[in-house]
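Structure data follow from query_27.pdb (PDB, C-alpha atoms and all ligand atoms):
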ATOM      1  CA  MET K   1      -1.216  16.953  -9.307
ATOM      2  CA  SER K   2      -1.519  14.137 -11.818
ATOM      3  CA  SER K   3      -3.635  13.818 -14.911
ATOM      4  CA  ARG K   4      -5.738  11.132 -13.211
ATOM      5  CA  SER K   5      -6.284  12.868  -9.882
ATOM      6  CA  ASP K   6      -6.606  16.293  -8.318
ATOM      7  CA  GLY K   7      -5.512  14.946  -4.954
ATOM      8  CA  ASP K   8      -2.329  16.183  -3.340
ATOM      9  CA  ASN K   9      -1.817  13.054  -1.253
ATOM     10  CA  ILE K  10       0.471  10.112  -2.007
ATOM     11  CA  ILE K  11      -0.963   6.604  -1.830
ATOM     12  CA  LEU K  12       1.510   3.793  -1.216
ATOM     13  CA  ILE K  13       0.605   0.316  -2.411
ATOM     14  CA  GLY K  14       2.565  -2.929  -2.614
ATOM     15  CA  PHE K  15       2.749  -6.441  -1.252
ATOM     16  CA  MET K  16       3.309  -7.177   2.430
ATOM     17  CA  GLY K  17       6.930  -6.499   3.266
ATOM     18  CA  ALA K  18       7.367  -3.947   0.460
ATOM     19  CA  GLY K  19       8.168  -1.238   3.024
ATOM     20  CA  LYS K  20       5.028   0.886   2.736
ATOM     21  CA  SER K  21       4.967   1.918   6.405
ATOM     22  CA  THR K  22       8.712   2.641   6.583
ATOM     23  CA  VAL K  23       8.724   4.588   3.330
ATOM     24  CA  GLY K  24       5.604   6.415   4.511
ATOM     25  CA  ARG K  25       7.519   7.648   7.554
ATOM     26  CA  GLU K  26      10.382   8.805   5.318
ATOM     27  CA  LEU K  27       7.988  10.694   3.063
ATOM     28  CA  GLU K  28       6.494  12.325   6.146
ATOM     29  CA  ARG K  29       9.970  13.430   7.196
ATOM     30  CA  LEU K  30      11.468  14.375   3.823
ATOM     31  CA  GLY K  31       8.357  15.654   2.085
ATOM     32  CA  GLY K  32       6.806  17.494   5.015
ATOM     33  CA  LEU K  33       3.605  15.496   4.628
ATOM     34  CA  CYS K  34       1.231  14.011   7.203
ATOM     35  CA  LEU K  35       1.091  10.255   7.481
ATOM     36  CA  ILE K  36      -1.863   7.918   7.798
ATOM     37  CA  ASP K  37      -1.458   4.165   8.051
ATOM     38  CA  LEU K  38      -4.682   2.523   6.922
ATOM     39  CA  ASP K  39      -4.129  -0.689   8.911
ATOM     40  CA  SER K  40      -3.649   1.368  12.102
ATOM     41  CA  MET K  41      -6.873   3.246  11.291
ATOM     42  CA  ILE K  42      -8.762  -0.040  11.014
ATOM     43  CA  VAL K  43      -7.324  -1.283  14.322
ATOM     44  CA  GLN K  44      -8.456   1.941  16.008
ATOM     45  CA  LEU K  45     -11.864   1.882  14.359
ATOM     46  CA  VAL K  46     -12.627  -1.725  15.258
ATOM     47  CA  GLY K  47     -10.745  -1.795  18.562
ATOM     48  CA  ARG K  48      -9.030  -5.105  17.763
ATOM     49  CA  SER K  49      -5.779  -6.205  16.145
ATOM     50  CA  ILE K  50      -5.723  -7.294  12.503
ATOM     51  CA  PRO K  51      -5.227 -11.005  13.348
ATOM     52  CA  GLU K  52      -8.169 -10.729  15.767
ATOM     53  CA  ILE K  53     -10.364  -9.152  13.095
ATOM     54  CA  PHE K  54      -9.450 -11.884  10.579
ATOM     55  CA  ALA K  55     -10.099 -14.609  13.162
ATOM     56  CA  ALA K  56     -13.385 -13.239  14.498
ATOM     57  CA  ASP K  57     -14.953 -11.615  11.425
ATOM     58  CA  GLY K  58     -13.138 -13.161   8.452
ATOM     59  CA  GLU K  59     -11.264 -11.558   5.589
ATOM     60  CA  GLU K  60     -14.301 -10.158   3.738
ATOM     61  CA  ARG K  61     -15.342  -8.186   6.807
ATOM     62  CA  PHE K  62     -11.777  -6.906   7.175
ATOM     63  CA  ARG K  63     -11.959  -5.759   3.536
ATOM     64  CA  ASP K  64     -15.197  -3.890   4.344
ATOM     65  CA  TYR K  65     -13.439  -2.059   7.197
ATOM     66  CA  GLU K  66     -10.543  -1.325   4.855
ATOM     67  CA  THR K  67     -12.797   0.151   2.171
ATOM     68  CA  ALA K  68     -14.758   2.183   4.748
ATOM     69  CA  SER K  69     -11.549   3.588   6.244
ATOM     70  CA  LEU K  70     -10.272   4.522   2.800
ATOM     71  CA  HIS K  71     -13.535   6.333   1.964
ATOM     72  CA  SER K  72     -13.261   8.285   5.209
ATOM     73  CA  LEU K  73      -9.987   9.781   3.950
ATOM     74  CA  VAL K  74     -11.580  11.672   1.057
ATOM     75  CA  GLY K  75     -10.954  15.325   1.898
ATOM     76  CA  VAL K  76      -7.520  14.926   3.501
ATOM     77  CA  HIS K  77      -4.645  16.861   1.984
ATOM     78  CA  ARG K  78      -0.846  16.626   1.776
ATOM     79  CA  THR K  79      -0.904  13.221   3.414
ATOM     80  CA  VAL K  80       0.944   9.991   2.703
ATOM     81  CA  ILE K  81      -1.495   7.113   2.937
ATOM     82  CA  SER K  82       0.165   3.805   3.587
ATOM     83  CA  THR K  83      -2.224   0.987   2.647
ATOM     84  CA  GLY K  84      -2.381  -2.731   3.405
ATOM     85  CA  GLY K  85      -1.167  -5.115   0.691
ATOM     86  CA  GLY K  86      -4.677  -6.246  -0.258
ATOM     87  CA  ILE K  87      -6.171  -2.810  -0.952
ATOM     88  CA  ILE K  88      -5.810  -3.430  -4.681
ATOM     89  CA  GLY K  89      -8.409  -6.213  -4.647
ATOM     90  CA  ARG K  90     -11.527  -4.049  -4.900
ATOM     91  CA  GLU K  91     -12.292  -1.855  -7.885
ATOM     92  CA  GLU K  92     -14.065   0.557  -5.512
ATOM     93  CA  ASN K  93     -10.800   1.113  -3.617
ATOM     94  CA  TRP K  94      -9.040   2.123  -6.834
ATOM     95  CA  LYS K  95     -11.673   4.797  -7.515
ATOM     96  CA  VAL K  96     -11.178   6.296  -4.052
ATOM     97  CA  MET K  97      -7.373   6.090  -4.270
ATOM     98  CA  HIS K  98      -7.402   7.865  -7.637
ATOM     99  CA  ARG K  99      -9.419  10.693  -6.079
ATOM    100  CA  LEU K 100      -6.924  11.014  -3.241
ATOM    101  CA  GLY K 101      -3.762  11.373  -5.309
ATOM    102  CA  PRO K 102      -1.097   9.541  -7.285
ATOM    103  CA  ILE K 103      -0.893   5.838  -6.466
ATOM    104  CA  VAL K 104       2.686   4.695  -5.976
ATOM    105  CA  TYR K 105       3.634   1.018  -6.200
ATOM    106  CA  LEU K 106       6.614  -0.096  -4.146
ATOM    107  CA  ARG K 107       7.821  -2.927  -6.372
ATOM    108  CA  ALA K 108      10.004  -5.649  -4.898
ATOM    109  CA  ALA K 109      11.191  -9.013  -6.187
ATOM    110  CA  TRP K 110       9.890 -12.125  -4.468
ATOM    111  CA  VAL K 111      13.358 -12.952  -3.031
ATOM    112  CA  THR K 112      13.387  -9.550  -1.315
ATOM    113  CA  LEU K 113       9.871  -9.912   0.054
ATOM    114  CA  ARG K 114      10.481 -13.475   1.217
ATOM    115  CA  LYS K 115      13.479 -12.320   3.255
ATOM    116  CA  ARG K 116      11.549  -9.412   4.769
ATOM    117  CA  LEU K 117       8.554 -11.603   5.598
ATOM    118  CA  ALA K 118      10.600 -14.329   7.288
ATOM    119  CA  GLY K 119       9.370 -14.528  10.875
ATOM    120  CA  SER K 120       6.554 -12.049  10.144
ATOM    121  CA  GLN K 121       3.867 -11.777  12.812
ATOM    122  CA  GLY K 122       0.561  -9.968  12.863
ATOM    123  CA  ARG K 123      -0.100 -10.670   9.184
ATOM    124  CA  PRO K 124      -2.789 -13.338   8.844
ATOM    125  CA  LEU K 125      -1.977 -13.832   5.158
ATOM    126  CA  ALA K 126       1.810 -14.102   5.557
ATOM    127  CA  ASP K 127       2.556 -15.159   9.113
ATOM    128  CA  ALA K 128       5.504 -17.378   9.901
ATOM    129  CA  GLY K 129       4.109 -20.873   9.846
ATOM    130  CA  LEU K 130       2.135 -20.331   6.638
ATOM    131  CA  GLU K 131       3.505 -22.077   3.588
ATOM    132  CA  MET K 132       5.711 -19.599   1.718
ATOM    133  CA  ARG K 133       4.618 -21.189  -1.546
ATOM    134  CA  LYS K 134       1.060 -20.005  -0.811
ATOM    135  CA  VAL K 135       2.219 -16.491   0.003
ATOM    136  CA  GLU K 136       4.224 -16.388  -3.225
ATOM    137  CA  GLU K 137       1.130 -17.487  -5.139
ATOM    138  CA  LEU K 138      -0.864 -14.629  -3.599
ATOM    139  CA  TRP K 139       1.915 -12.187  -4.553
ATOM    140  CA  ARG K 140       1.987 -13.507  -8.136
ATOM    141  CA  ASP K 141      -1.806 -13.251  -8.458
ATOM    142  CA  ARG K 142      -1.755  -9.655  -7.287
ATOM    143  CA  LEU K 143       1.130  -8.454  -9.483
ATOM    144  CA  PRO K 144      -1.002  -7.277 -12.440
ATOM    145  CA  LEU K 145      -3.109  -5.203 -10.037
ATOM    146  CA  TYR K 146      -0.138  -3.471  -8.393
ATOM    147  CA  GLU K 147       1.152  -2.640 -11.879
ATOM    148  CA  GLN K 148      -1.936  -0.466 -12.444
ATOM    149  CA  ALA K 149      -0.427   2.176 -10.154
ATOM    150  CA  ASP K 150       0.362   5.637 -11.560
ATOM    151  CA  ILE K 151       4.011   5.420 -10.512
ATOM    152  CA  SER K 152       6.249   2.443  -9.697
ATOM    153  CA  VAL K 153       9.535   2.395  -7.826
ATOM    154  CA  ASP K 154      11.886  -0.599  -7.817
ATOM    155  CA  THR K 155      12.872  -0.881  -4.199
ATOM    156  CA  ASP K 156      15.121  -3.968  -4.129
ATOM    157  CA  ASP K 157      18.409  -2.043  -4.100
ATOM    158  CA  LEU K 158      17.270   1.093  -2.282
ATOM    159  CA  ASN K 159      16.933   1.967   1.389
ATOM    160  CA  ALA K 160      13.791   3.710   2.680
ATOM    161  CA  PRO K 161      15.073   7.325   2.348
ATOM    162  CA  GLU K 162      16.218   6.556  -1.213
ATOM    163  CA  VAL K 163      12.798   5.157  -2.097
ATOM    164  CA  ALA K 164      11.132   8.246  -0.611
ATOM    165  CA  MET K 165      13.421  10.553  -2.614
ATOM    166  CA  ALA K 166      12.721   8.588  -5.809
ATOM    167  CA  ILE K 167       8.974   8.973  -5.207
ATOM    168  CA  LEU K 168       9.211  12.720  -4.593
ATOM    169  CA  GLN K 169      11.293  13.131  -7.749
ATOM    170  CA  LYS K 170       8.881  11.135  -9.885
ATOM    171  CA  ILE K 171       5.878  13.043  -8.547
ATOM    172  CA  GLY K 172       7.688  16.340  -9.052
ATOM    173  CA  ARG K 173       8.352  15.450 -12.675
ATOM    174  CA  ARG K 174       4.686  14.620 -13.216
ATOM    175  CA  GLU K 175       3.638  17.939 -11.680
ATOM    176  CA  GLY K 176       6.099  19.771 -13.875
ATOM    177  CA  LYS K 177       4.720  18.097 -16.957
ATOM    178  CA  ASN K 178       1.147  19.050 -16.080
ATOM    179  CA  ASN K 179       2.033  22.653 -15.378
ATOM    180  CA  ALA K 180       4.008  23.074 -18.593
TER     181      ALA K 180
HETATM  182  C1  LIG K 201      -2.776  -7.677   3.977
HETATM  183  C2  LIG K 201      -1.715  -6.880   4.313
HETATM  184  C3  LIG K 201      -1.536  -6.308   5.644
HETATM  185  C4  LIG K 201      -2.890  -6.135   6.337
HETATM  186  C5  LIG K 201      -3.632  -7.422   6.342
HETATM  187  C6  LIG K 201      -3.882  -7.970   4.934
HETATM  188  C7  LIG K 201      -2.854  -8.246   2.603
HETATM  189  O1  LIG K 201      -0.878  -5.031   5.573
HETATM  190  O2  LIG K 201      -3.654  -5.149   5.697
HETATM  191  O3  LIG K 201      -2.902  -8.348   7.100
HETATM  192  O4  LIG K 201      -3.918  -8.754   2.222
HETATM  193  O5  LIG K 201      -1.841  -8.169   1.874
HETATM  194  P1  LIG K 201       0.710  -4.874   5.165
HETATM  195  O6  LIG K 201       0.775  -4.930   3.666
HETATM  196  O7  LIG K 201       1.047  -3.524   5.689
HETATM  197  O8  LIG K 201       1.433  -5.981   5.819
END
So, in terms of structure tokens, how does the structure I just supplied come out?
Ligand code: S3P
Amino acid sequence: MSSRSDGDNIILIGFMGAGKSTVGRELERLGGLCLIDLDSMIVQLVGRSIPEIFAADGEERFRDYETASLHSLVGVHRTVISTGGGIIGREENWKVMHRLGPIVYLRAAWVTLRKRLAGSQGRPLADAGLEMRKVEELWRDRLPLYEQADISVDTDDLNAPEVAMAILQKIGRREGKNNA
């Protein structure tokens, strides 16, 4: 599909609140793809919610579950993989994602994310009650990593179906280029 990967999946990355799960569902619908949500996989695998995993095992252990779940996806086809916002932190995860297919960054400005994350629950690193300044710092630190994606889509002024269409168009153009 792309010059960096033979995979025919689509990997969605982006900060918490970027719309990865919602856009994933739109891609499933519009693109006729299967959908896997990595956070849901981890919850099923471990048998506990994400806040419970963070509280009982700590973040590093959660990251181990995340990496293991990602590895287990090697071999899937025509699937949208919606990841958690911190997937970009480990080099190993990038290698697996590149094998799976084009990595698509859902880019959003901080003002947009802040609005979407207001009152957020179930996110240990962005829950209501946490200082927003800290969450913004985390977002800023991660920006250079998200920018390493194969494709980026500015989502601030688009709704979920529009983002999904933009992704399919961009991927289609890349395929066309490779086949030419
Ligand atoms: C995290 C994002 C969450 C979830 C976990 C950690 C992060 O997923 O994986 O709470 O480090 O950014 P969403 O991005 O789907 O909220």
* Asked: What lies within 9 Å of Arg63 of chain K using only C-alpha atoms, ignoring chain neighbours under 6 positions off, as a list in words?
  ->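 The residues that qualify are Gly86, Ile87, Gly89 and Arg90 of chain K.
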* Given a cut-off of 6 Å, what residues near ligand LIG 201 (chain K) show up using all atoms listed in the file, put as a count of residues only? -> 9
Could you give me the centre and size, in Å to one decimal, of an axis-aligned box around all listed atoms of segment 124-139 of chain K with 8 Å added on every side, as JSON?
{"center_x": 1.5, "center_y": -17.1, "center_z": 2.4, "size_x": 24.5, "size_y": 25.9, "size_z": 31.0}
* Residues selected by the PyMOL selection byres (((chain K and resi 27) around 9) and not hetatm), written as number ranges by chain -> K: 22-26, 28-35, 80, 161, 163-165, 167-168
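When atom CA of Leu73 of chain K is paired with atom CA of Asp150 of chain K, their separation reads 19.1 Å.
Here the PyMOL selection byres (((chain K and resi 138) around 12) and not hetatm) captures the residues Phe15, Met16, Gly85, Gly86, Gly89, Trp110, Leu125, Ala126, Glu131, Met132, Arg133, Lys134, Val135, Glu136, Glu137, Trp139, Arg140, Asp141, Arg142, Leu143, Pro144 and Leu145 of chain K.
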Written as a CSV table (one decimal) with C-alpha atoms, in the frame of the given file, what is the full residue list that the PyMOL selection byres (((chain K and resi 113) around 10) and not hetatm) yields on the file shown?
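Output contents, as saved in out-v2.csv:
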chain,number,residue,atom,x,y,z
K,15,PHE,CA,2.7,-6.4,-1.3
K,16,MET,CA,3.3,-7.2,2.4
K,17,GLY,CA,6.9,-6.5,3.3
K,18,ALA,CA,7.4,-3.9,0.5
K,19,GLY,CA,8.2,-1.2,3.0
K,107,ARG,CA,7.8,-2.9,-6.4
K,108,ALA,CA,10.0,-5.6,-4.9
K,109,ALA,CA,11.2,-9.0,-6.2
K,110,TRP,CA,9.9,-12.1,-4.5
K,111,VAL,CA,13.4,-13.0,-3.0
K,112,THR,CA,13.4,-9.6,-1.3
K,114,ARG,CA,10.5,-13.5,1.2
K,115,LYS,CA,13.5,-12.3,3.3
K,116,ARG,CA,11.5,-9.4,4.8
K,117,LEU,CA,8.6,-11.6,5.6
K,118,ALA,CA,10.6,-14.3,7.3
K,136,GLU,CA,4.2,-16.4,-3.2
K,139,TRP,CA,1.9,-12.2,-4.6
K,156,ASP,CA,15.1,-4.0,-4.1
* To do: For atom CA of Tyr146 of chain K and atom CA of Thr83 of chain K, determine how far apart the two atoms are, in Å to one decimal place.
  =>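 These atoms are spaced 12.1 Å apart.
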* Test item: residues at most 10 Å from segment 100-104 of chain K, only C-alpha atoms, excluding those fewer than 6 positions along its chain, as a PyMOL selection string -> chain K and resi 1-14+20+70-71+73-82+94+146-153+167+170-171+174
* **Nearby residues (only C-alpha atoms) at most 9 Å from segment 50-61 of chain K, same-chain spacing under 4 positions excluded, as number ranges by chain** => K: 39-40, 42-43, 46, 65-66, 122-124
